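Taking it in order: structure first as structure tokens, then the write-up.
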Amino acid sequence: MNSLVSPSAEHAAEQAAALIAKAVSARPGLVLGLATGETMRPVYAALVRDHHSNGTCWQRVTVFNLDDYVGLPAAHPASFRRFMRETLFDHIDIFPGRCRMPDGLADDLAREARDYEAKIAAAGGIDLQLLGIGGNGHIAFNEPGSDFAGRTGVVALAPTTLAAARASFERADEVPLRGLTMGIGTILEARRILLVATGAGKARAVAGAFGGTADPACPASALQAHPDVTLLLDPAAAAALWG
Ligand code: GLP
């Protein structure tokens, strides 16, 4: 594992974007796994700036997003589809048909999960997967206790995840209780993984994931078994790692 501590959260985001832009330039048909969350806003803003100033071309890139809420309309302000459009897709030259996301509104969610896995496989697998981390160590929506070999499917969101999501919803009873997410096994099949964590709220999760032995109590610790992981941290998120 390659870990880099940037002087600031802004710098960590710039580094993540530079790494992604380089991968897109090196392989125009890149299959890219993307994540949502506040951590990713500055990463995507930097990618948009890169597209405008350096002309990085996204026309042949295919994106598979990690997850979405179950039952939330795409137009809802908290939907991950909307997040991706507003922060990235609407501002670069990617084809909308190449922006995939598991459909949390599907009638048959088990079938949607199988189809999503099949689409990833048909695209040749994910070349580079961008990840954030939840305060409880979750990756995508794989909460503590998740199977390290798990595949895409429906999961119940942990109380801390629901509490963190609350800020994006007007009313508490609007927050979906379930997510449709790539499994940890699906994520581990990506050829390269880039995890970005910033802020003191992630320090415990980062230390739990990378500072000791792998344990399903901290889902991100599954990444220890992956041969090509880059960790991009700011000092606050790295604080408990080597302490
Ligand atoms: C959500 C997403 C994760 C993301 C996490 C952290 O739960 N499903 O993919 O990593 O939030 O989000 P934030 O960056 O807002 O802390």
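Labels used: A, B, ... for chains in the order of the structure tokens, numbers from 1 for residues in each chain, and numbers from 1 for ligands as shown.
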Chain A near ligand 1 within 7 Å: what's each residue's closest atom pair and its distance in Å to one decimal, counting only C-alpha atoms and all ligand atoms, ordered by chain then ascending residue number, as a Markdown table?
| residue | atom | partner | partner_atom_place_in_ligand_line | distance |
| --- | --- | --- | --- | --- |
| A:Ala35 | CA | ligand 1 | 9 (O) | 5.1 |
| A:Thr36 | CA | ligand 1 | 9 (O) | 5.3 |
| A:Gly37 | CA | ligand 1 | 15 (O) | 3.5 |
| A:Glu38 | CA | ligand 1 | 15 (O) | 3.7 |
| A:Thr39 | CA | ligand 1 | 14 (O) | 3.7 |
| A:Met40 | CA | ligand 1 | 14 (O) | 6.1 |
| A:Leu66 | CA | ligand 1 | 9 (O) | 6.7 |
| A:Asp67 | CA | ligand 1 | 8 (N) | 6.2 |
| A:Leu131 | CA | ligand 1 | 10 (O) | 5.9 |
| A:Gly132 | CA | ligand 1 | 10 (O) | 3.4 |
| A:Ile133 | CA | ligand 1 | 10 (O) | 4.0 |
| A:Gly134 | CA | ligand 1 | 6 (C) | 4.3 |
| A:Gly135 | CA | ligand 1 | 16 (O) | 6.9 |
| A:Ile139 | CA | ligand 1 | 9 (O) | 5.6 |
| A:Ala140 | CA | ligand 1 | 9 (O) | 3.7 |
| A:Phe141 | CA | ligand 1 | 8 (N) | 4.7 |
| A:Thr161 | CA | ligand 1 | 7 (O) | 6.1 |
Residue selection dump (C-alpha atoms) as a compact mmCIF listing (two decimals), in the first residue's frame:
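Listing of result-v9.txt after writing:
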# COMPACT_ATOMS: atom_id res chain seq x y z
CA ALA A 35 -17.75 7.56 -5.24
CA THR A 36 -19.99 10.23 -3.75
CA GLY A 37 -19.71 12.13 -0.47
CA GLU A 38 -18.40 15.51 0.64
CA THR A 39 -14.80 14.30 0.38
CA MET A 40 -15.28 13.95 -3.38
CA LEU A 66 -20.38 2.56 -6.12
CA ASP A 67 -23.86 2.90 -4.74
CA LEU A 131 -13.20 5.39 -2.63
CA GLY A 132 -14.06 7.52 0.37
CA ILE A 133 -14.52 6.07 3.82
CA GLY A 134 -17.34 6.41 6.32
CA GLY A 135 -16.66 7.48 9.89
CA ILE A 139 -16.66 1.68 1.95
CA ALA A 140 -19.46 2.39 -0.50
CA PHE A 141 -22.43 1.32 1.68
CA THR A 161 -24.49 6.47 8.28
Please report as a tab-separated table every residue of stretch 141-194 of chain A lying within 12 Å of stretch 198-209 of chain A, along with the nearest atom pair and their distance in Å (one decimal), using only C-alpha atoms.
residue	atom	partner	partner_atom	distance
A:Glu143	CA	A:Ala205	CA	11.9
A:Pro144	CA	A:Ala205	CA	10.9
A:Ala164	CA	A:Gly201	CA	11.0
Could you save those same residues with C-alpha atoms as a PDB file, in the first residue's frame?
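Result file again_38.pdb:
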ATOM      1  CA  GLU A 143     -21.284  -1.328   6.781  1.00  0.00           C
ATOM      2  CA  PRO A 144     -19.361  -2.952   9.666  1.00  0.00           C
ATOM      3  CA  ALA A 164     -24.347  11.515   8.611  1.00  0.00           C
TER       4      ALA A 164
END
Please identify all polymer residues within 10 Å of A:Leu105, counting only C-alpha atoms, omitting same-chain residues fewer than 4 positions from it, and present them as a VMD selection string. chain A and resid 68 to 74 109 112 180
May I have the selected residues written with C-alpha atoms, as an mmCIF file, in the first residue's frame?
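The result, written out as again-v3.cif:
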data_model
loop_
_atom_site.group_PDB
_atom_site.id
_atom_site.type_symbol
_atom_site.label_atom_id
_atom_site.label_comp_id
_atom_site.auth_asym_id
_atom_site.auth_seq_id
_atom_site.Cartn_x
_atom_site.Cartn_y
_atom_site.Cartn_z
ATOM 1 C CA ASP A 68 -27.102 4.799 -4.313
ATOM 2 C CA TYR A 69 -29.971 4.944 -1.862
ATOM 3 C CA VAL A 70 -32.871 2.566 -2.366
ATOM 4 C CA GLY A 71 -36.114 4.277 -3.343
ATOM 5 C CA LEU A 72 -34.861 7.847 -3.733
ATOM 6 C CA PRO A 73 -35.939 9.615 -6.951
ATOM 7 C CA ALA A 74 -33.019 10.655 -9.184
ATOM 8 C CA LEU A 109 -33.335 -4.937 -6.781
ATOM 9 C CA GLU A 112 -30.582 -4.933 -10.784
ATOM 10 C CA LEU A 180 -27.862 -0.599 -3.213
#
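Every residue of stretch 42-113 of chain A with a DSSP assignment of strand (DSSP E or B), taken from the backbone, is listed as Thr62, Val63, Phe64, Asn65, Asp67, Asp68, Tyr69, Cys99 and Arg100 of chain A.
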Next, dump the selected residues to file, keeping only N, CA, C and O atoms, as a PDB file, in the first residue's frame.
ATOM      1  N   THR A  62     -15.728   5.050 -19.210  1.00  0.00           N
ATOM      2  CA  THR A  62     -16.964   4.494 -18.644  1.00  0.00           C
ATOM      3  C   THR A  62     -16.862   4.583 -17.131  1.00  0.00           C
ATOM      4  O   THR A  62     -15.822   4.235 -16.557  1.00  0.00           O
ATOM      5  N   VAL A  63     -17.926   5.070 -16.505  1.00  0.00           N
ATOM      6  CA  VAL A  63     -17.944   5.188 -15.040  1.00  0.00           C
ATOM      7  C   VAL A  63     -18.965   4.228 -14.436  1.00  0.00           C
ATOM      8  O   VAL A  63     -20.087   4.100 -14.937  1.00  0.00           O
ATOM      9  N   PHE A  64     -18.553   3.568 -13.380  1.00  0.00           N
ATOM     10  CA  PHE A  64     -19.485   2.800 -12.539  1.00  0.00           C
ATOM     11  C   PHE A  64     -19.439   3.414 -11.150  1.00  0.00           C
ATOM     12  O   PHE A  64     -18.393   3.382 -10.492  1.00  0.00           O
ATOM     13  N   ASN A  65     -20.563   3.980 -10.715  1.00  0.00           N
ATOM     14  CA  ASN A  65     -20.586   4.494  -9.343  1.00  0.00           C
ATOM     15  C   ASN A  65     -20.812   3.360  -8.347  1.00  0.00           C
ATOM     16  O   ASN A  65     -21.374   2.318  -8.678  1.00  0.00           O
ATOM     17  N   ASP A  67     -22.637   3.178  -5.508  1.00  0.00           N
ATOM     18  CA  ASP A  67     -23.856   2.902  -4.739  1.00  0.00           C
ATOM     19  C   ASP A  67     -24.887   4.006  -4.930  1.00  0.00           C
ATOM     20  O   ASP A  67     -24.587   5.067  -5.484  1.00  0.00           O
ATOM     21  N   ASP A  68     -26.080   3.755  -4.460  1.00  0.00           N
ATOM     22  CA  ASP A  68     -27.102   4.799  -4.313  1.00  0.00           C
ATOM     23  C   ASP A  68     -28.076   4.363  -3.229  1.00  0.00           C
ATOM     24  O   ASP A  68     -28.059   3.214  -2.796  1.00  0.00           O
ATOM     25  N   TYR A  69     -28.915   5.284  -2.810  1.00  0.00           N
ATOM     26  CA  TYR A  69     -29.971   4.944  -1.862  1.00  0.00           C
ATOM     27  C   TYR A  69     -31.030   4.119  -2.569  1.00  0.00           C
ATOM     28  O   TYR A  69     -31.240   4.270  -3.773  1.00  0.00           O
ATOM     29  N   CYS A  99     -22.239   6.622 -18.031  1.00  0.00           N
ATOM     30  CA  CYS A  99     -22.223   6.905 -16.588  1.00  0.00           C
ATOM     31  C   CYS A  99     -23.203   5.953 -15.917  1.00  0.00           C
ATOM     32  O   CYS A  99     -24.416   6.157 -15.975  1.00  0.00           O
ATOM     33  N   ARG A 100     -22.687   4.922 -15.326  1.00  0.00           N
ATOM     34  CA  ARG A 100     -23.544   3.894 -14.722  1.00  0.00           C
ATOM     35  C   ARG A 100     -23.647   4.085 -13.222  1.00  0.00           C
ATOM     36  O   ARG A 100     -22.682   4.495 -12.579  1.00  0.00           O
TER      37      ARG A 100
END
If we count only C-alpha atoms, what is near A:Pro235 at a cut-off of 7 Å, once residues fewer than 6 positions away on the same chain are taken out, given as a list in words? Val5, Ser6, Pro7 and Ser8 of chain A
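Considering only C-alpha atoms, the residue among A:Phe95, A:Tyr116, A:Phe83, A:Phe210 positioned nearest to A:Val229 is A:Phe210.
The gap separating atom CA of A:Val31 from atom CA of A:His226 is 18.0 Å, in Å to one decimal.
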Can you pull out every residue within 9 Å of A:Ala17, counting only C-alpha atoms, but drop anything in the same chain fewer than 6 positions away, and send it as a list in words? Pro42, Val43, Tyr44, Ala45, Ala46, Leu47 and Asp50 of chain A
Output the selection as a PDB file, in the first residue's frame - N, CA, C and O atoms for each residue.
ATOM      1  N   PRO A  42     -14.298  18.376  -3.732  1.00  0.00           N
ATOM      2  CA  PRO A  42     -13.096  19.060  -4.246  1.00  0.00           C
ATOM      3  C   PRO A  42     -12.314  18.224  -5.260  1.00  0.00           C
ATOM      4  O   PRO A  42     -11.610  18.778  -6.114  1.00  0.00           O
ATOM      5  N   VAL A  43     -12.442  16.893  -5.179  1.00  0.00           N
ATOM      6  CA  VAL A  43     -11.771  16.028  -6.168  1.00  0.00           C
ATOM      7  C   VAL A  43     -12.410  16.272  -7.535  1.00  0.00           C
ATOM      8  O   VAL A  43     -11.713  16.499  -8.538  1.00  0.00           O
ATOM      9  N   TYR A  44     -13.747  16.269  -7.578  1.00  0.00           N
ATOM     10  CA  TYR A  44     -14.429  16.449  -8.857  1.00  0.00           C
ATOM     11  C   TYR A  44     -14.265  17.891  -9.364  1.00  0.00           C
ATOM     12  O   TYR A  44     -14.124  18.116 -10.571  1.00  0.00           O
ATOM     13  N   ALA A  45     -14.245  18.852  -8.439  1.00  0.00           N
ATOM     14  CA  ALA A  45     -14.023  20.252  -8.864  1.00  0.00           C
ATOM     15  C   ALA A  45     -12.653  20.362  -9.534  1.00  0.00           C
ATOM     16  O   ALA A  45     -12.507  21.051 -10.558  1.00  0.00           O
ATOM     17  N   ALA A  46     -11.658  19.664  -8.984  1.00  0.00           N
ATOM     18  CA  ALA A  46     -10.315  19.713  -9.575  1.00  0.00           C
ATOM     19  C   ALA A  46     -10.300  19.001 -10.934  1.00  0.00           C
ATOM     20  O   ALA A  46      -9.592  19.424 -11.854  1.00  0.00           O
ATOM     21  N   LEU A  47     -11.090  17.940 -11.079  1.00  0.00           N
ATOM     22  CA  LEU A  47     -11.163  17.248 -12.374  1.00  0.00           C
ATOM     23  C   LEU A  47     -11.838  18.131 -13.431  1.00  0.00           C
ATOM     24  O   LEU A  47     -11.460  18.100 -14.605  1.00  0.00           O
ATOM     25  N   ASP A  50      -9.319  20.607 -14.437  1.00  0.00           N
ATOM     26  CA  ASP A  50      -8.339  19.933 -15.310  1.00  0.00           C
ATOM     27  C   ASP A  50      -8.893  19.785 -16.724  1.00  0.00           C
ATOM     28  O   ASP A  50      -8.190  20.004 -17.710  1.00  0.00           O
TER      29      ASP A  50
END
Show me, as JSON, numbers by chain, the residues that have an atom within 10 Å of A:Asp115 when counting only C-alpha atoms, minus same-chain residues fewer than 5 positions from it. {"A": [102, 109, 110, 120, 121, 152]}
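Here atom CA of A:Asp173 stands at a distance of 22.4 Å from atom CA of A:His138.
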Write out as a ChimeraX atom specification all residues of stretch 147-234 of chain A that DSSP puts in alpha helix (DSSP H) for this structure's backbone. /A:159-165,184-188,203-210
If we count only C-alpha atoms and set the cut-off at 9 Å, which residues sit around A:Thr186, ignoring sequence neighbours fewer than 6 positions away in its own chain? Please answer as an MDAnalysis selection string. chainID A and resid 117 149:152
Could you take the residues named above and write them with N, CA, C and O atoms, as a PDB file, in the first residue's frame?
ATOM      1  N   GLU A 117     -23.414  -6.050 -11.820  1.00  0.00           N
ATOM      2  CA  GLU A 117     -22.179  -6.864 -11.835  1.00  0.00           C
ATOM      3  C   GLU A 117     -21.864  -7.292 -13.278  1.00  0.00           C
ATOM      4  O   GLU A 117     -20.701  -7.261 -13.699  1.00  0.00           O
ATOM      5  N   ALA A 149     -16.188 -10.820   0.896  1.00  0.00           N
ATOM      6  CA  ALA A 149     -16.370 -11.381  -0.449  1.00  0.00           C
ATOM      7  C   ALA A 149     -17.707 -10.951  -1.057  1.00  0.00           C
ATOM      8  O   ALA A 149     -18.096 -11.430  -2.114  1.00  0.00           O
ATOM      9  N   GLY A 150     -18.413 -10.015  -0.380  1.00  0.00           N
ATOM     10  CA  GLY A 150     -19.769  -9.650  -0.797  1.00  0.00           C
ATOM     11  C   GLY A 150     -19.837  -9.042  -2.195  1.00  0.00           C
ATOM     12  O   GLY A 150     -18.910  -8.377  -2.658  1.00  0.00           O
ATOM     13  N   ARG A 151     -20.967  -9.304  -2.855  1.00  0.00           N
ATOM     14  CA  ARG A 151     -21.203  -8.757  -4.196  1.00  0.00           C
ATOM     15  C   ARG A 151     -22.239  -7.634  -4.118  1.00  0.00           C
ATOM     16  O   ARG A 151     -22.815  -7.371  -3.059  1.00  0.00           O
ATOM     17  N   THR A 152     -22.519  -7.002  -5.237  1.00  0.00           N
ATOM     18  CA  THR A 152     -23.495  -5.921  -5.290  1.00  0.00           C
ATOM     19  C   THR A 152     -24.854  -6.383  -4.763  1.00  0.00           C
ATOM     20  O   THR A 152     -25.335  -7.453  -5.129  1.00  0.00           O
TER      21      THR A 152
END
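Computed from the coordinates, the atom CA of A:Ala197 to atom CA of A:Ala238 distance equals 8.4 Å.
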